>>> print(open('entry01.cif').read())   # mmCIF, C-alpha atoms
data_input
loop_
_atom_site.label_atom_id
_atom_site.label_comp_id
_atom_site.auth_asym_id
_atom_site.auth_seq_id
_atom_site.Cartn_x
_atom_site.Cartn_y
_atom_site.Cartn_z
CA MET S 1 -47.43 -69.22 194.55
CA PRO S 2 -50.94 -68.65 193.09
CA ALA S 3 -52.46 -71.43 190.99
CA THR S 4 -52.84 -71.64 187.22
CA VAL S 5 -56.07 -72.84 185.58
CA ILE S 6 -56.42 -74.45 182.16
CA VAL S 7 -59.87 -74.22 180.55
CA GLY S 8 -61.17 -75.37 177.20
CA ALA S 9 -62.41 -72.35 175.28
CA GLN S 10 -64.66 -74.15 172.79
CA TRP S 11 -66.65 -77.43 172.93
CA GLY S 12 -63.86 -79.63 174.22
CA ASP S 13 -61.12 -81.75 172.63
CA GLU S 14 -58.93 -78.64 172.26
CA GLY S 15 -55.74 -80.32 173.44
CA LYS S 16 -55.89 -79.44 177.14
CA GLY S 17 -54.10 -82.65 178.06
CA LYS S 18 -51.08 -81.77 175.95
CA LEU S 19 -50.88 -78.24 177.37
CA THR S 20 -51.27 -79.58 180.89
CA ASP S 21 -48.43 -82.00 180.19
CA LEU S 22 -46.31 -79.13 178.89
CA LEU S 23 -46.92 -76.90 181.91
CA ALA S 24 -46.63 -79.76 184.39
CA ARG S 25 -42.86 -79.64 183.93
CA ASP S 26 -42.85 -76.62 186.24
CA MET S 27 -45.67 -77.70 188.56
CA ASP S 28 -45.67 -79.49 191.89
CA LEU S 29 -49.32 -80.53 191.79
CA VAL S 30 -51.71 -81.07 188.87
CA VAL S 31 -55.38 -81.14 189.86
CA ARG S 32 -58.45 -82.28 187.95
CA TYR S 33 -61.38 -80.18 189.18
CA GLN S 34 -64.57 -81.47 187.48
CA GLY S 35 -66.05 -83.97 185.04
CA GLY S 36 -65.68 -87.72 184.98
CA HIS S 37 -64.46 -90.46 182.68
CA ASN S 38 -66.60 -89.07 179.88
CA ALA S 39 -63.73 -86.70 179.11
CA GLY S 40 -60.54 -88.16 177.70
CA HIS S 41 -57.27 -86.53 176.75
CA THR S 42 -54.28 -87.91 174.93
CA VAL S 43 -50.63 -87.16 175.67
CA VAL S 44 -47.91 -88.32 173.26
CA VAL S 45 -44.51 -89.01 174.81
CA GLY S 46 -41.93 -90.10 172.26
CA ASP S 47 -43.39 -93.12 170.51
CA GLU S 48 -45.94 -93.73 173.24
CA SER S 49 -49.47 -92.39 173.45
CA PHE S 50 -51.31 -92.17 176.79
CA ALA S 51 -55.10 -91.87 176.65
CA LEU S 52 -56.12 -90.58 180.09
CA GLN S 53 -59.67 -90.34 181.42
CA LEU S 54 -59.72 -89.62 185.15
CA VAL S 55 -56.04 -89.42 186.06
CA PRO S 56 -54.58 -85.90 185.68
CA SER S 57 -51.96 -85.41 182.95
CA GLY S 58 -49.30 -84.62 185.55
CA ILE S 59 -49.02 -88.34 186.34
CA LEU S 60 -46.43 -88.60 183.55
CA TYR S 61 -43.92 -86.45 185.49
CA ALA S 62 -42.22 -88.11 188.46
CA HIS S 63 -41.95 -84.83 190.40
CA THR S 64 -45.66 -83.93 190.37
CA THR S 65 -48.50 -84.96 192.65
CA PRO S 66 -51.64 -85.64 190.57
CA VAL S 67 -54.89 -84.89 192.38
CA ILE S 68 -58.53 -85.73 191.61
CA GLY S 69 -60.51 -82.96 193.26
CA ASN S 70 -63.87 -82.94 195.02
CA GLY S 71 -65.65 -81.63 191.92
CA VAL S 72 -64.95 -84.79 189.91
CA VAL S 73 -67.32 -87.77 189.77
CA VAL S 74 -65.35 -91.00 190.02
CA ASP S 75 -66.23 -94.39 188.62
CA PRO S 76 -63.96 -96.52 190.85
CA GLY S 77 -63.78 -99.39 188.37
CA VAL S 78 -62.60 -97.07 185.62
CA LEU S 79 -60.11 -95.34 187.91
CA ILE S 80 -58.60 -98.62 189.08
CA ALA S 81 -58.33 -99.94 185.51
CA GLU S 82 -56.63 -96.72 184.39
CA VAL S 83 -54.20 -96.76 187.30
CA GLU S 84 -53.31 -100.40 186.69
CA ALA S 85 -52.81 -99.76 182.96
CA LEU S 86 -50.45 -96.87 183.68
CA SER S 87 -48.57 -98.92 186.24
CA SER S 88 -48.10 -101.75 183.74
CA ARG S 89 -46.38 -99.23 181.44
CA GLY S 90 -43.93 -98.16 184.09
CA VAL S 91 -45.71 -95.04 185.36
CA ASP S 92 -45.47 -94.43 189.11
CA VAL S 93 -49.09 -94.15 190.24
CA SER S 94 -48.41 -94.15 193.98
CA ARG S 95 -48.46 -90.32 193.97
CA LEU S 96 -52.13 -90.09 192.92
CA LYS S 97 -54.45 -88.45 195.47
CA VAL S 98 -58.26 -88.59 195.36
CA SER S 99 -60.60 -86.30 197.28
CA GLY S 100 -62.75 -88.11 199.81
CA CYS S 101 -65.52 -85.64 198.91
CA ALA S 102 -65.63 -86.59 195.23
CA HIS S 103 -68.85 -88.36 194.30
CA LEU S 104 -69.06 -91.94 193.02
CA VAL S 105 -70.52 -93.04 189.71
CA MET S 106 -72.70 -96.03 190.59
CA PRO S 107 -74.14 -98.84 188.40
CA TYR S 108 -77.63 -97.31 188.48
CA HIS S 109 -76.18 -94.10 187.06
CA HIS S 110 -74.97 -96.04 184.01
CA GLU S 111 -78.35 -97.71 183.59
CA LEU S 112 -80.33 -94.50 183.93
CA ASP S 113 -78.05 -92.67 181.51
CA LYS S 114 -78.52 -95.33 178.85
CA VAL S 115 -82.28 -95.77 179.14
CA THR S 116 -82.94 -92.03 179.39
CA GLU S 117 -81.03 -91.32 176.18
CA ARG S 118 -82.92 -94.09 174.36
CA PHE S 119 -86.21 -92.80 175.74
CA LEU S 120 -85.51 -89.30 174.43
CA GLY S 121 -84.97 -90.65 170.89
CA LYS S 122 -84.36 -87.86 168.39
CA ASN S 123 -84.31 -85.38 171.28
CA SER S 124 -81.39 -87.10 173.00
CA LEU S 125 -78.57 -84.93 174.27
CA GLY S 126 -75.76 -87.04 172.84
CA THR S 127 -74.27 -87.97 176.22
CA THR S 128 -71.50 -90.56 176.46
CA ARG S 129 -73.88 -92.75 178.52
CA ARG S 130 -71.28 -93.24 181.23
CA GLY S 131 -73.47 -92.20 184.13
CA ILE S 132 -71.92 -88.78 184.60
CA GLY S 133 -75.12 -86.72 184.41
CA PRO S 134 -77.11 -88.94 186.79
CA ALA S 135 -74.19 -88.92 189.25
CA TYR S 136 -74.15 -85.12 189.29
CA ALA S 137 -77.95 -85.09 189.56
CA ASP S 138 -77.76 -87.25 192.70
CA LYS S 139 -75.07 -84.95 194.07
CA ALA S 140 -77.40 -81.97 193.67
CA ALA S 141 -80.32 -83.98 195.11
CA ARG S 142 -78.11 -84.84 198.13
CA VAL S 143 -78.50 -88.60 197.73
CA GLY S 144 -75.08 -89.27 196.18
CA LEU S 145 -72.46 -91.62 197.58
CA ARG S 146 -68.96 -90.20 197.94
CA VAL S 147 -65.46 -91.67 197.79
CA GLN S 148 -65.19 -91.39 201.59
CA ASP S 149 -68.20 -93.70 201.95
CA LEU S 150 -66.05 -96.54 200.60
CA LEU S 151 -64.06 -96.25 203.85
CA ASP S 152 -67.14 -96.76 206.06
CA PRO S 153 -69.06 -99.94 205.12
CA ARG S 154 -71.98 -99.19 207.44
CA ILE S 155 -72.58 -95.75 205.95
CA PHE S 156 -72.12 -97.10 202.42
CA VAL S 157 -74.74 -99.83 202.89
CA GLU S 158 -77.23 -97.46 204.55
CA LYS S 159 -76.93 -94.86 201.79
CA LEU S 160 -77.05 -97.46 199.02
CA ASP S 161 -80.18 -99.05 200.50
CA VAL S 162 -82.05 -95.75 200.52
CA VAL S 163 -81.10 -94.61 197.03
CA LEU S 164 -81.32 -98.01 195.32
CA ARG S 165 -84.94 -98.51 196.36
CA GLU S 166 -85.82 -95.37 194.43
CA LYS S 167 -83.58 -96.13 191.45
CA ASN S 168 -84.80 -99.70 191.08
CA ALA S 169 -88.42 -98.52 191.18
CA ILE S 170 -87.70 -96.06 188.37
CA LEU S 171 -85.80 -98.63 186.30
CA ALA S 172 -88.55 -101.24 186.70
CA LYS S 173 -91.72 -99.17 186.52
CA VAL S 174 -90.70 -96.47 184.03
CA TYR S 175 -88.16 -98.22 181.81
CA ASN S 176 -89.11 -101.90 182.28
CA ARG S 177 -85.58 -102.83 183.37
CA LEU S 178 -84.55 -105.49 185.86
CA PRO S 179 -83.68 -104.18 189.32
CA LEU S 180 -80.05 -103.99 190.37
CA ASP S 181 -78.83 -106.27 193.16
CA PRO S 182 -77.67 -104.29 196.23
CA ALA S 183 -75.60 -107.22 197.50
CA GLU S 184 -73.68 -107.44 194.23
CA ILE S 185 -73.00 -103.69 194.22
CA THR S 186 -71.92 -103.75 197.87
CA THR S 187 -69.53 -106.63 197.30
CA ARG S 188 -68.01 -105.04 194.23
CA TYR S 189 -67.55 -101.57 195.72
CA LEU S 190 -66.51 -102.53 199.26
CA ASP S 191 -64.58 -105.75 198.70
CA GLU S 192 -63.07 -105.13 195.27
CA TYR S 193 -62.79 -101.35 194.84
CA ALA S 194 -62.38 -99.94 198.35
CA PRO S 195 -59.08 -101.67 199.26
CA LYS S 196 -57.46 -100.40 196.06
CA ILE S 197 -58.78 -96.83 196.33
CA ALA S 198 -58.31 -96.33 200.09
CA PRO S 199 -54.57 -95.54 199.85
CA MET S 200 -55.34 -92.72 197.39
CA VAL S 201 -58.04 -91.00 199.49
CA THR S 202 -56.90 -87.66 200.92
CA ASP S 203 -58.13 -84.38 202.36
CA THR S 204 -57.28 -82.62 199.11
CA VAL S 205 -58.47 -79.19 200.28
CA SER S 206 -55.86 -79.17 203.04
CA LEU S 207 -53.28 -80.65 200.68
CA LEU S 208 -53.74 -77.83 198.17
CA HIS S 209 -53.81 -74.98 200.69
CA ASP S 210 -50.80 -76.33 202.55
CA SER S 211 -48.97 -76.60 199.23
CA LEU S 212 -49.76 -72.99 198.35
CA ASP S 213 -48.56 -71.90 201.79
CA CYS S 214 -45.26 -73.66 201.06
CA GLY S 215 -44.84 -71.79 197.78
CA LYS S 216 -45.56 -74.76 195.54
CA ASN S 217 -46.90 -74.42 191.99
CA ILE S 218 -50.38 -75.81 191.32
CA LEU S 219 -52.04 -76.42 187.97
CA LEU S 220 -55.82 -76.88 187.83
CA GLU S 221 -57.04 -78.92 184.88
CA GLY S 222 -60.63 -78.86 183.64
CA ALA S 223 -62.42 -81.45 181.55
CA GLN S 224 -64.76 -80.62 178.63
CA ALA S 225 -64.93 -76.90 177.91
CA THR S 226 -66.61 -73.51 178.25
CA PHE S 227 -69.52 -74.14 175.89
CA LEU S 228 -70.32 -77.43 177.59
CA ASP S 229 -70.59 -75.60 180.93
CA LEU S 230 -73.88 -76.37 182.70
CA ASP S 231 -74.64 -72.67 183.26
CA HIS S 232 -72.89 -70.93 180.36
CA GLY S 233 -72.80 -73.53 177.59
CA THR S 234 -75.24 -74.30 174.79
CA TYR S 235 -77.83 -75.71 177.17
CA PRO S 236 -79.23 -78.40 177.21
CA PHE S 237 -76.43 -79.81 175.01
CA VAL S 238 -73.91 -79.45 177.82
CA THR S 239 -72.17 -81.46 180.49
CA SER S 240 -73.38 -81.65 184.09
CA SER S 241 -70.65 -79.57 185.74
CA ASN S 242 -68.80 -76.27 185.33
CA PRO S 243 -65.62 -76.51 183.20
CA SER S 244 -65.19 -72.73 183.18
CA ALA S 245 -62.71 -71.18 185.60
CA GLY S 246 -65.32 -70.72 188.33
CA GLY S 247 -65.58 -74.49 188.56
CA ALA S 248 -61.88 -74.65 189.42
CA CYS S 249 -62.66 -73.04 192.78
CA THR S 250 -65.72 -75.07 193.72
CA GLY S 251 -64.12 -78.27 192.40
CA THR S 252 -60.94 -77.96 194.48
CA GLY S 253 -61.67 -75.82 197.52
CA LEU S 254 -59.31 -73.06 196.43
CA GLY S 255 -60.53 -69.46 196.50
CA PRO S 256 -60.58 -66.94 193.64
CA ARG S 257 -57.58 -65.08 195.06
CA ASP S 258 -55.57 -68.31 194.95
CA ILE S 259 -55.65 -68.17 191.13
CA ALA S 260 -53.42 -65.79 189.17
CA ARG S 261 -53.36 -67.18 185.64
CA VAL S 262 -56.11 -68.61 183.42
CA ILE S 263 -55.06 -70.19 180.13
CA GLY S 264 -57.74 -70.82 177.53
CA VAL S 265 -57.07 -73.64 175.08
CA ALA S 266 -58.54 -73.39 171.59
CA LYS S 267 -58.07 -75.28 168.36
CA ALA S 268 -57.22 -73.36 165.20
CA TYR S 269 -60.64 -74.55 164.04
CA VAL S 270 -63.67 -75.80 166.01
CA THR S 271 -65.05 -79.23 166.80
CA ARG S 272 -67.88 -80.59 168.89
CA VAL S 273 -69.32 -84.01 169.67
CA GLY S 274 -73.01 -84.76 169.87
CA ALA S 275 -76.02 -82.57 169.27
CA GLY S 276 -76.38 -78.81 169.65
CA PRO S 277 -75.93 -75.56 167.71
CA PHE S 278 -72.71 -75.02 165.75
CA PRO S 279 -72.75 -71.80 163.67
CA THR S 280 -69.53 -72.47 161.70
CA GLU S 281 -70.09 -76.18 161.11
CA LEU S 282 -68.84 -77.57 157.80
CA SER S 283 -70.45 -80.47 155.95
CA ASP S 284 -68.18 -80.31 152.92
CA ALA S 285 -64.72 -81.44 151.83
CA ASP S 286 -63.06 -78.84 154.06
CA GLY S 287 -64.76 -80.34 157.09
CA ASP S 288 -63.72 -83.84 156.04
CA THR S 289 -60.13 -82.62 155.66
CA MET S 290 -60.16 -81.28 159.22
CA VAL S 291 -61.46 -84.63 160.50
CA THR S 292 -58.82 -86.59 158.61
CA ARG S 293 -55.83 -84.36 159.35
CA GLY S 294 -56.85 -83.67 162.94
CA HIS S 295 -57.84 -87.29 163.70
CA GLU S 296 -61.11 -85.94 165.00
CA TYR S 297 -62.56 -88.95 166.75
CA GLY S 298 -63.39 -89.11 170.46
CA THR S 299 -60.69 -90.47 172.79
CA ASN S 300 -63.25 -92.46 174.78
CA THR S 301 -66.19 -92.94 172.44
CA GLY S 302 -64.56 -93.10 169.00
CA ARG S 303 -67.34 -90.85 167.67
CA ARG S 304 -66.52 -88.63 164.70
CA ARG S 305 -66.42 -85.01 165.74
CA ARG S 306 -68.27 -82.25 163.91
CA THR S 307 -65.89 -79.65 162.49
CA GLY S 308 -66.01 -76.01 161.46
CA TRP S 309 -64.01 -72.83 160.93
CA LEU S 310 -62.60 -70.96 163.90
CA ASP S 311 -65.20 -68.93 165.80
CA ALA S 312 -63.87 -65.74 167.41
CA VAL S 313 -67.33 -64.95 168.83
CA MET S 314 -67.10 -68.04 171.01
CA LEU S 315 -63.58 -67.18 172.12
CA ARG S 316 -64.59 -63.65 173.15
CA GLN S 317 -67.34 -65.13 175.31
CA ALA S 318 -64.99 -67.73 176.80
CA ALA S 319 -62.50 -65.01 177.66
CA ARG S 320 -65.21 -63.08 179.47
CA LEU S 321 -66.56 -66.05 181.41
CA SER S 322 -63.23 -67.30 182.74
CA SER S 323 -61.12 -64.10 182.80
CA ILE S 324 -58.76 -65.80 180.36
CA SER S 325 -55.35 -64.17 180.57
CA GLU S 326 -53.78 -65.96 177.58
CA ILE S 327 -54.66 -68.45 174.87
CA ALA S 328 -52.88 -71.59 173.74
CA LEU S 329 -53.81 -72.25 170.10
CA THR S 330 -53.55 -75.93 169.19
CA LYS S 331 -53.54 -77.97 165.98
CA LEU S 332 -52.37 -75.08 163.83
CA ASP S 333 -50.70 -77.65 161.56
CA VAL S 334 -54.08 -79.14 160.61
CA LEU S 335 -54.67 -76.01 158.50
CA ASP S 336 -51.41 -76.45 156.53
CA VAL S 337 -53.19 -77.65 153.37
CA PHE S 338 -55.74 -74.84 153.02
CA SER S 339 -55.20 -72.04 150.50
CA ASN S 340 -57.69 -69.79 152.27
CA LEU S 341 -58.88 -69.71 155.85
CA LYS S 342 -62.02 -68.33 157.45
CA VAL S 343 -62.57 -66.86 160.89
CA CYS S 344 -66.06 -66.11 162.17
CA VAL S 345 -65.96 -62.57 163.62
CA ALA S 346 -69.71 -62.09 164.28
CA TYR S 347 -73.11 -63.75 163.89
CA GLU S 348 -76.16 -62.61 161.96
CA ALA S 349 -79.62 -63.62 163.08
CA HIS S 350 -82.99 -62.05 162.27
CA GLY S 351 -81.25 -59.10 160.64
CA LYS S 352 -79.13 -58.30 163.69
CA ARG S 353 -75.36 -58.57 164.09
CA TYR S 354 -74.01 -60.22 167.24
CA GLU S 355 -70.43 -59.66 168.43
CA HIS S 356 -70.96 -61.96 171.42
CA VAL S 357 -72.85 -65.22 171.80
CA PRO S 358 -76.59 -64.42 172.06
CA TYR S 359 -78.12 -65.53 175.34
CA HIS S 360 -81.33 -66.89 173.77
CA GLN S 361 -81.14 -70.39 172.34
CA SER S 362 -83.60 -69.65 169.54
CA VAL S 363 -81.35 -66.88 168.26
CA LEU S 364 -78.20 -69.00 168.51
CA HIS S 365 -79.79 -71.89 166.61
CA GLN S 366 -80.60 -69.50 163.75
CA ALA S 367 -77.26 -67.67 163.77
CA SER S 368 -75.22 -67.51 160.57
CA PRO S 369 -71.48 -66.84 160.70
CA ILE S 370 -70.00 -63.61 159.35
CA TYR S 371 -66.53 -64.49 158.11
CA GLU S 372 -63.25 -62.73 157.49
CA GLU S 373 -61.02 -64.57 155.02
CA LEU S 374 -57.26 -64.86 155.38
CA PRO S 375 -54.65 -66.47 153.14
CA GLY S 376 -53.36 -69.90 154.15
CA TRP S 377 -49.66 -70.72 154.38
CA LYS S 378 -49.56 -73.98 152.40
CA ALA S 379 -46.47 -75.13 154.30
CA ASP S 380 -45.59 -77.87 156.78
CA LEU S 381 -45.57 -76.47 160.33
CA THR S 382 -44.81 -79.73 162.12
CA THR S 383 -41.05 -79.08 162.24
CA ALA S 384 -41.38 -75.52 163.58
CA THR S 385 -39.70 -74.91 166.94
CA SER S 386 -39.74 -71.10 167.14
CA MET S 387 -41.63 -68.11 165.80
CA ASP S 388 -38.96 -67.66 163.12
CA ASP S 389 -40.01 -71.02 161.65
CA LEU S 390 -43.61 -69.93 161.13
CA PRO S 391 -44.66 -68.47 157.76
CA ARG S 392 -45.83 -64.87 157.73
CA GLU S 393 -49.38 -66.03 156.91
CA ALA S 394 -49.47 -68.21 160.03
CA LEU S 395 -48.27 -65.34 162.21
CA ASP S 396 -50.85 -63.05 160.62
CA PHE S 397 -53.58 -65.62 161.34
CA ILE S 398 -52.51 -65.79 165.00
CA GLY S 399 -52.28 -62.00 165.26
CA PHE S 400 -55.71 -61.51 163.70
CA LEU S 401 -57.30 -63.96 166.11
CA SER S 402 -55.61 -62.37 169.13
CA GLU S 403 -56.86 -58.95 168.05
CA GLN S 404 -60.41 -60.26 167.57
CA VAL S 405 -60.54 -61.87 171.00
CA GLY S 406 -58.53 -59.26 172.88
CA VAL S 407 -56.28 -61.86 174.52
CA ALA S 408 -52.65 -62.70 173.75
CA ILE S 409 -51.90 -66.05 172.12
CA THR S 410 -48.75 -67.32 173.80
CA VAL S 411 -48.40 -70.89 172.50
CA ALA S 412 -49.12 -72.53 169.16
CA GLY S 413 -49.33 -76.30 168.80
CA VAL S 414 -47.90 -77.68 165.55
CA GLY S 415 -48.25 -81.43 166.06
CA PRO S 416 -49.41 -84.14 168.50
CA ALA S 417 -46.13 -84.80 170.33
CA ARG S 418 -45.42 -83.13 173.67
CA ASP S 419 -42.54 -81.08 172.18
CA GLN S 420 -44.40 -79.93 169.04
CA PHE S 421 -45.24 -76.39 170.09
CA VAL S 422 -43.99 -72.89 169.47
CA GLN S 423 -43.68 -70.23 172.15
CA LEU S 424 -44.94 -66.87 170.88
CA ALA S 425 -43.82 -63.40 171.91
CA GLN S 426 -46.22 -61.73 174.33
#
>>> encode(input="entry01.cif", output="structure tokens")
Amino acid sequence: MPATVIVGAQWGDEGKGKLTDLLARDMDLVVRYQGGHNAGHTVVVGDESFALQLVPSGILYAHTTPVIGNGVVVDPGVLIAEVEALSSRGVDVSRLKVSGCAHLVMPYHHELDKVTERFLGKNSLGTTRRGIGPAYADKAARVGLRVQDLLDPRIFVEKLDVVLREKNAILAKVYNRLPLDPAEITTRYLDEYAPKIAPMVTDTVSLLHDSLDCGKNILLEGAQATFLDLDHGTYPFVTSSNPSAGGACTGTGLGPRDIARVIGVAKAYVTRVGAGPFPTELSDADGDTMVTRGHEYGTNTGRRRRTGWLDAVMLRQAARLSSISEIALTKLDVLDVFSNLKVCVAYEAHGKRYEHVPYHQSVLHQASPIYEELPGWKADLTTATSMDDLPREALDFIGFLSEQVGVAITVAGVGPARDQFVQLAQ
């Protein structure tokens, strides 16, 4: 069976974790293909809420095998803490597999992330300061340590010695920071982390291909989202990997022909965290209402998210970049209280109309939204379980958006719980 990919179609926090949890019911493997513990997702099961960072959402189903792919950067301390927390709540974590080719987030990555952001001052990128960017930078520079190195102490020490001499020189001479102790790092990673992670380490490329050959269903789960993509996002206010569907191949070892379905996840409005352009951003009472009703604060950082009206220009671009075959629209219930709704259908900049996201950053930063207004439904959607329960205005809103983007919307989220969704006719 070909694989299914889930991608965020905006700036992240769209509810990918909940959709992954929903689809995982019919999946044999759920694979995280990029990002690190800078990306959190929350899954609500009954009265319990699970805030996951590195562990794929499929961990909450006993029949699935959750996999952390080679494209992820892994902070072993964070992974172990998350696994132990899940285990203490009765979740079977013995099924978790981690690619030996995934790169490690090291202590010097944390330090460099923090001091670099402070050094940039008002020009900072708004990173989570968790070492993700520096870890990916070392991967590209071919000086990174990988999960498999935890299984070979000699290789680990040799690699650490080479890279730490450079990192300590930068920390001391450029940022006036104390050098990091290689002995302390070695002890922590090899004596404390390695024994706990070793049972999880697997040749995940073979695992995935063998599973496909056996007819198993695989779900590939991205972190962050399309417009945080290193190549196609609002650079430089992006992440350090490729959350778009192309990253699902490089981050797992599957080929393009192994993927048959790409689901884009989008909120019924837009949010983003940190700096960067945001054409539909609201700084008024409507924006505050979205924050309050949508609980728009970061899962990991607690930072308040910026909010704005839905942007169909972004979604058209996301559909192009990832060959999105269908859209899951989340948090539709957040809009219950609005009498009128706006959807951005184009941008205007320097007297020109843009139907797609302009490639040049100077144009995008100056872009003003061109809106279409639609009537709100002023009704509680949280009890809806089928299309028949949705007001005509809500269905019209969904239909209008689907027409604007050119992609069918097949699921609408109407609340935070795992069963609060409505399947839509295709």
>>> atom_distance(input="entry01.cif", atom1="atom CA of S:Pro277", atom2="atom CA of S:Lys114")
22.8 Å
>>> closest_residue(input="entry01.cif", among="S:Thr65, S:Thr226, S:Ser283, S:Ser325", to="S:Gly12", atoms="only C-alpha atoms")
S:Thr226
>>> resolve_selection(input="entry01.cif", expression="the PyMOL selection byres ((chain S and resi 314) around 12)", output="number ranges by chain")
S: 8-11, 225-228, 232-234, 264, 266-267, 269-270, 278-280, 309-313, 315-321, 343-347, 354-358, 364, 369, 401, 404-405
>>> resolve_selection(input="entry01.cif", expression="the PyMOL selection byres ((chain S and resi 26) around 10)", output="ChimeraX atom specification")
/S:21-25,27-29,61,63-64,216-219
>>> atom_distance(input="entry01.cif", atom1="atom CA of S:Gly222", atom2="atom CA of S:Ser99")
15.5 Å
>>> atom_distance(input="entry01.cif", atom1="atom CA of S:Asp203", atom2="atom CA of S:Lys97")
8.8 Å
>>> closest_residue(input="entry01.cif", among="S:Ala328, S:Ala223, S:Val291, S:Val98", to="S:Leu19", atoms="all atoms listed in the file")
S:Ala328
>>> residues_around(input="entry01.cif", residues="S:Leu254", least_positions_apart="2", cutoff="12 Å", atoms="only C-alpha atoms", output="tab-separated table (two decimals) with C-alpha atoms, in the coordinates of the input")
chain	number	residue	atom	x	y	z
S	2	PRO	CA	-50.94	-68.65	193.09
S	3	ALA	CA	-52.46	-71.43	190.99
S	4	THR	CA	-52.84	-71.64	187.22
S	5	VAL	CA	-56.07	-72.84	185.58
S	31	VAL	CA	-55.38	-81.14	189.86
S	33	TYR	CA	-61.38	-80.18	189.18
S	69	GLY	CA	-60.51	-82.96	193.26
S	70	ASN	CA	-63.87	-82.94	195.02
S	71	GLY	CA	-65.65	-81.63	191.92
S	204	THR	CA	-57.28	-82.62	199.11
S	205	VAL	CA	-58.47	-79.19	200.28
S	206	SER	CA	-55.86	-79.17	203.04
S	207	LEU	CA	-53.28	-80.65	200.68
S	208	LEU	CA	-53.74	-77.83	198.17
S	209	HIS	CA	-53.81	-74.98	200.69
S	210	ASP	CA	-50.80	-76.33	202.55
S	211	SER	CA	-48.97	-76.60	199.23
S	212	LEU	CA	-49.76	-72.99	198.35
S	218	ILE	CA	-50.38	-75.81	191.32
S	219	LEU	CA	-52.04	-76.42	187.97
S	220	LEU	CA	-55.82	-76.88	187.83
S	245	ALA	CA	-62.71	-71.18	185.60
S	246	GLY	CA	-65.32	-70.72	188.33
S	247	GLY	CA	-65.58	-74.49	188.56
S	248	ALA	CA	-61.88	-74.65	189.42
S	249	CYS	CA	-62.66	-73.04	192.78
S	250	THR	CA	-65.72	-75.07	193.72
S	251	GLY	CA	-64.12	-78.27	192.40
S	252	THR	CA	-60.94	-77.96	194.48
S	256	PRO	CA	-60.58	-66.94	193.64
S	257	ARG	CA	-57.58	-65.08	195.06
S	258	ASP	CA	-55.57	-68.31	194.95
S	259	ILE	CA	-55.65	-68.17	191.13
S	260	ALA	CA	-53.42	-65.79	189.17
>>> residues_near_point(input="entry01.cif", point="(-62.0, -90.3, 187.3)", cutoff="6 Å", atoms="only C-alpha atoms", output="list in words")
Gly36, His37, Leu54, Val74 and Leu79 of chain S
>>> closest_residue(input="entry01.cif", among="S:Asn176, S:Thr116, S:Thr239, S:Ser322", to="S:Val7", atoms="only C-alpha atoms")
S:Ser322
>>> residues_around(input="entry01.cif", residues="S:Ser94", least_positions_apart="5", cutoff="10 Å", atoms="all atoms listed in the file", output="PyMOL selection string")
chain S and resi 59+65-66+83+87+199-200
>>> resolve_selection(input="entry01.cif", expression="the PyMOL selection byres ((chain S and resi 385-394) around 7)", output="PyMOL selection string")
chain S and resi 375-377+381+383-384+395-398+421-424
>>> closest_residue(input="entry01.cif", among="S:Leu52, S:Val201, S:Ile132, S:Ile327", to="S:Val262", atoms="all atoms listed in the file")
S:Ile327
>>> closest_residue(input="entry01.cif", among="S:Leu171, S:Met106, S:Cys101, S:Ile324", to="S:Val78", atoms="all atoms listed in the file")
S:Met106
